[in-house]
Amino acid sequence: MKALVLTSKEQGVILNTDYPQPVANAGEVRIKMLAAALNHRDVWINQGQYGGIKYPTILGSDGVGMVESLGEGVASEWLGKTVIINPSNQWGDNQRHQSKQYHILGLPKDGTLAEYLTVNADRLRLAPTHLSIEQAAALPLAGLTAYRALFGRAQLQAGEKVLISGIGGGVALFAMQFAIAAGAEVYVSSSSEEKIAYAVQMGAKAGVLYTEENWHKNFVKTYGEVDVVIDSACGNGFAALIDVLALGGRIAFYGGGQGAINGLIPQKVFWKQISIFGSTMGSDEQFQQMVDFVEQHHIIPVVDSVFAFDDGVAAFVRMAEGAQFGKLVVKVS
Ligand SMILES: NC(=O)c1ccc[n+]([C@@H]2O[C@H](COP(=O)([O-])OP(=O)(O)OC[C@H]3O[C@@H](n4cnc5c(N)ncnc54)[C@H](OP(=O)(O)O)[C@@H]3O)[C@@H](O)[C@H]2O)c1
């Protein structure tokens, strides 16, 4: 079968047209993939900047496909259904954190950027019917991450003010859409005026360029402080996010693309009674709640562009450049 395979550190991901097809074991289904989507995780792995990399591995944590065969013990009602896949595996029972056995689809196990995929049947959910194949493919990992960070960790409430940083990102955009749907007043930041303008068209109140010096001071002067910040950058810019928070504010971050947090002034954190939450993916319950929420509010994932399967490596390049607004989808069949 065709697959986008991480072959070696030097070669990175390449299109392999002769990868062995997987077979569904007991409890698993085999899915004929229709579309898959990239996450920044795939880019980090492709660049060798991720733990536990192994070769060869088919990358991709997100996808939509049709169940075309069943392993022993799987309910026959799944056969022929169009499904999305929960990329979280073995979260466990504790809502506060995942188990030590936790892993994400697409490393160490082969992922979604392939013609066929096998997963446990308990990872399946019918694809929301209001979404196209490409939109459904874009949802699982980023949607789950945004949902837990926003509602599970930061406990965003209707009527609160929230700042979502780096709004061009896949997770950031879901966080914005979910927060708007939940009745929050949403502000965004970005490196791009154009991306801010798109976000405002989608319902954000306003946006600022995080690339401008003292953006945080101007933000507070113009819009006031916020109750919640959602971030994936960290690095030297994190301290400014604390300045933007109101008394009792919460900040949840799920990425650290800009590296170590420097310049954080502890007095500002404890005096303002600020809570700082790390957040990763989400539990099985949160995956179900997230998809229910998307269906209930008719949320449509933002797809930046769709790539042909044979051109899938180009999607990795576009994500690494950071030019996108929303998700990058690879059409598989
Ligand atoms: N812990 C988890 O479970 C989890 C899950 C998903 C993702 N992540 C991590 O979260 C990060 C984002 O993932 P993604 O898939 O959403 O990536 P993505 O779609 O490639 O988006 C990355 C975004 O980061 C923003 N950014 C870059 N520099 C920034 C800065 N200095 N300040 C604020 N924002 C900045 C950019 O926003 P603009 O273009 O608007 O400037 C860019 O669009 C990655 O590091 C990823 O590994 C973690």
# chains A, B, ... in the order shown; residues from 1 in each chain; ligands from 1
call {"tool": "residues_near_ligand", "arguments": {"ligand": "ligand 1", "cutoff": "8 Å", "atoms": "only C-alpha atoms and all ligand atoms", "output": "ChimeraX atom specification"}}
result
/A:38-41,44,141-142,145-146,165-173,189-192,195-196,210-211,231-235,237,253-258,278-282,319-320,322-327
call {"tool": "select_by_dssp", "arguments": {"residues": "segment 190-283 of chain A", "states": "strand (DSSP E or B)", "output": "count of residues only"}}
result
24
call {"tool": "closest_residue", "arguments": {"among": "A:Ser8, A:Ser88, A:Ser333, A:Gln49", "to": "Ala308 of chain A", "atoms": "only C-alpha atoms"}}
result
A:Ser333
call {"tool": "closest_residue", "arguments": {"among": "A:Ile180, A:Leu107, A:Leu245, A:Val306", "to": "Tyr50 of chain A", "atoms": "only C-alpha atoms"}}
result
A:Leu107
call {"tool": "atom_distance", "arguments": {"atom1": "atom CA of Glu68 of chain A", "atom2": "atom CA of His103 of chain A"}}
result
24.6 Å
call {"tool": "residues_around", "arguments": {"residues": "Leu4 of chain A", "least_positions_apart": "6", "cutoff": "10 Å", "atoms": "only C-alpha atoms", "output": "ChimeraX atom specification"}}
result
/A:12-17,19,57-60,111-115,309-313
call {"tool": "write_last_selection", "arguments": {"atoms": "C-alpha atoms", "output": "JSON list (two decimals), in the first residue's frame"}}
result
[["chain", "number", "residue", "atom", "x", "y", "z"],
["A", 12, "GLY", "CA", 12.78, 12.03, 6.86],
["A", 13, "VAL", "CA", 9.32, 11.22, 5.61],
["A", 14, "ILE", "CA", 8.95, 9.80, 2.11],
["A", 15, "LEU", "CA", 6.16, 8.32, 0.01],
["A", 16, "ASN", "CA", 6.50, 4.52, 0.04],
["A", 17, "THR", "CA", 4.31, 2.73, -2.51],
["A", 19, "TYR", "CA", 4.49, -0.76, 2.46],
["A", 57, "THR", "CA", 6.92, 4.45, 11.12],
["A", 58, "ILE", "CA", 3.90, 5.72, 9.23],
["A", 59, "LEU", "CA", 3.20, 9.19, 10.62],
["A", 60, "GLY", "CA", -0.19, 10.83, 11.19],
["A", 111, "GLY", "CA", -0.45, 6.22, 11.83],
["A", 112, "THR", "CA", -3.06, 7.60, 9.51],
["A", 113, "LEU", "CA", -1.01, 8.76, 6.50],
["A", 114, "ALA", "CA", -1.58, 5.46, 4.71],
["A", 115, "GLU", "CA", -4.12, 3.70, 2.55],
["A", 309, "PHE", "CA", -1.45, 11.87, -1.27],
["A", 310, "ASP", "CA", 1.46, 11.72, -3.72],
["A", 311, "ASP", "CA", 2.30, 15.31, -2.73],
["A", 312, "GLY", "CA", 1.90, 14.73, 1.03],
["A", 313, "VAL", "CA", 5.52, 15.58, 1.87]]
call {"tool": "select_by_dssp", "arguments": {"residues": "segment 128-242 of chain A", "states": "alpha helix (DSSP H)", "output": "ChimeraX atom specification"}}
result
/A:133-137,140-147,170-181,193-201,215-223,238-242
call {"tool": "residues_around", "arguments": {"residues": "Ile251 of chain A", "least_positions_apart": "5", "cutoff": "9 Å", "atoms": "only C-alpha atoms", "output": "VMD selection string"}}
result
chain A and resid 149 153 to 154 227 to 231 241 to 242 245 274 to 278
call {"tool": "write_last_selection", "arguments": {"atoms": "N, CA and C atoms", "output": "PDB file, in the first residue's frame"}}
result
ATOM      1  N   ALA A 149      -7.461  21.658  27.256  1.00  0.00           N
ATOM      2  CA  ALA A 149      -6.743  22.842  27.758  1.00  0.00           C
ATOM      3  C   ALA A 149      -7.745  23.919  28.200  1.00  0.00           C
ATOM      4  N   ARG A 153      -8.649  22.016  31.870  1.00  0.00           N
ATOM      5  CA  ARG A 153      -7.591  22.595  32.675  1.00  0.00           C
ATOM      6  C   ARG A 153      -7.921  24.044  33.086  1.00  0.00           C
ATOM      7  N   ALA A 154      -8.136  24.929  32.116  1.00  0.00           N
ATOM      8  CA  ALA A 154      -8.360  26.345  32.463  1.00  0.00           C
ATOM      9  C   ALA A 154      -9.786  26.620  32.955  1.00  0.00           C
ATOM     10  N   ASP A 227      -9.237  36.587  31.656  1.00  0.00           N
ATOM     11  CA  ASP A 227      -9.349  35.555  32.701  1.00  0.00           C
ATOM     12  C   ASP A 227      -8.518  34.319  32.376  1.00  0.00           C
ATOM     13  N   VAL A 228      -8.406  34.034  31.081  1.00  0.00           N
ATOM     14  CA  VAL A 228      -7.756  32.793  30.650  1.00  0.00           C
ATOM     15  C   VAL A 228      -6.841  33.086  29.464  1.00  0.00           C
ATOM     16  N   VAL A 229      -5.668  32.447  29.470  1.00  0.00           N
ATOM     17  CA  VAL A 229      -4.788  32.457  28.290  1.00  0.00           C
ATOM     18  C   VAL A 229      -4.540  31.005  27.883  1.00  0.00           C
ATOM     19  N   ILE A 230      -4.566  30.749  26.569  1.00  0.00           N
ATOM     20  CA  ILE A 230      -4.204  29.435  26.029  1.00  0.00           C
ATOM     21  C   ILE A 230      -2.994  29.649  25.127  1.00  0.00           C
ATOM     22  N   ASP A 231      -1.915  28.910  25.391  1.00  0.00           N
ATOM     23  CA  ASP A 231      -0.649  29.170  24.689  1.00  0.00           C
ATOM     24  C   ASP A 231      -0.004  27.857  24.266  1.00  0.00           C
ATOM     25  N   LEU A 241       2.471  36.976  29.020  1.00  0.00           N
ATOM     26  CA  LEU A 241       1.124  36.410  29.140  1.00  0.00           C
ATOM     27  C   LEU A 241       0.621  36.534  30.581  1.00  0.00           C
ATOM     28  N   ILE A 242       1.539  36.442  31.531  1.00  0.00           N
ATOM     29  CA  ILE A 242       1.164  36.609  32.944  1.00  0.00           C
ATOM     30  C   ILE A 242       0.677  38.043  33.173  1.00  0.00           C
ATOM     31  N   LEU A 245      -2.962  38.616  32.297  1.00  0.00           N
ATOM     32  CA  LEU A 245      -3.996  37.951  33.095  1.00  0.00           C
ATOM     33  C   LEU A 245      -4.519  38.826  34.235  1.00  0.00           C
ATOM     34  N   ILE A 274      -2.447  33.397  40.266  1.00  0.00           N
ATOM     35  CA  ILE A 274      -2.552  32.828  38.920  1.00  0.00           C
ATOM     36  C   ILE A 274      -2.276  31.324  38.943  1.00  0.00           C
ATOM     37  N   SER A 275      -3.045  30.585  38.169  1.00  0.00           N
ATOM     38  CA  SER A 275      -2.818  29.138  38.034  1.00  0.00           C
ATOM     39  C   SER A 275      -2.223  28.864  36.658  1.00  0.00           C
ATOM     40  N   ILE A 276      -1.154  28.071  36.644  1.00  0.00           N
ATOM     41  CA  ILE A 276      -0.484  27.707  35.386  1.00  0.00           C
ATOM     42  C   ILE A 276      -0.662  26.201  35.182  1.00  0.00           C
ATOM     43  N   PHE A 277      -1.281  25.842  34.061  1.00  0.00           N
ATOM     44  CA  PHE A 277      -1.583  24.433  33.797  1.00  0.00           C
ATOM     45  C   PHE A 277      -0.852  23.938  32.553  1.00  0.00           C
ATOM     46  N   GLY A 278      -0.098  22.845  32.690  1.00  0.00           N
ATOM     47  CA  GLY A 278       0.343  22.114  31.513  1.00  0.00           C
ATOM     48  C   GLY A 278      -0.795  21.220  31.067  1.00  0.00           C
TER      49      GLY A 278
END
